[in-house]
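A.B. asks: Encoded as structure tokens, here's the structure I'll be asking about.
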Amino acid sequence: MFMWLIYALLSAAAAAMVGIFGKMGLKDVDANTATAVRSVIMTLFLFAVVAFQGNLHKIPSIFEDKKAFFYISLTGVAGATSWIFYFLALKYGKVSQVAPVDKLSVVIAAIAAVIILGEKISLLGGIGIGLIAIGAILVALG
């Protein structure tokens with residue numbers, strides 16, 4: 001079986017619950033403060049996972065590899081920025097609209113992968129990406 005597909009589906013299921021739980025939790029709180037608290041909880045949880053796997057000793061190697069650390073740092077800033085805007089969108093919008101529009105990230109990531117990483121997209125893949133874009137636009141308008 002394609003392990004990447006299993007992990008991707010599990011990721012999608014977990015990400016879907018971020019919207020649901022986020023909307024429920026944001027009712028009477030500041031979205032950016034909630035995002036900061038979420039990030040602390042995620043940090044603690046992820047360190048627990050790394051410790052459970054016995055990989056805490058690998059952390060220094062990331063700091064030693066300047067290129068890896070640079071790009072991992074950029075993912076942290078990009079992820080935090082995404083969360084800030086996602087939680088703000090959830091605070092003021094419907095999950096059923098915010099979550100699909102947020103998935104335009106799939107389209108943007110695919111285009112960036114072609115331009116920046118030189119990845120190839122099949123015709124069928126391109127059609128799928130186009131349908132995701134059209135679907136997100138229709139949801140936003142509806």
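Going through the structure tokens in order, the chains are called A, B, and so on, while each chain numbers its residues from 1 and the ligands are numbered from 1 in the order shown.
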Fewer than 2 positions away in the same chain doesn't count, so skip those; otherwise give me all residues within 12 Å of region 104-121 of chain A, counting only C-alpha atoms, as a list in words.
C.D. replies: Ala12, Ala78, Gly79, Ser82, Tyr86, Gln97, Val98, Ala99, Pro100, Val101, Asp102, Leu123, Leu124, Gly125, Gly126, Ile127, Gly128, Ile129, Gly130, Leu131, Ile132, Ala133, Ile134, Gly135, Ala136, Ile137, Leu138, Val139 and Ala140 of chain A
A.B. asks: Here is a test: counting only C-alpha atoms, which residue of A:Ala80, A:Ala34, A:Val95, A:Leu141 is nearest to Gly19 (chain A)?
C.D. replies: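 For Gly19 (chain A), the nearest of the given residues is A:Val95.
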A.B. asks: With distances taken over only C-alpha atoms, which of A:Phe63, A:Phe2, A:Phe52, A:Phe85 is nearest to Thr35 (chain A)?
C.D. replies: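 Nearest to Thr35 (chain A): A:Phe85.
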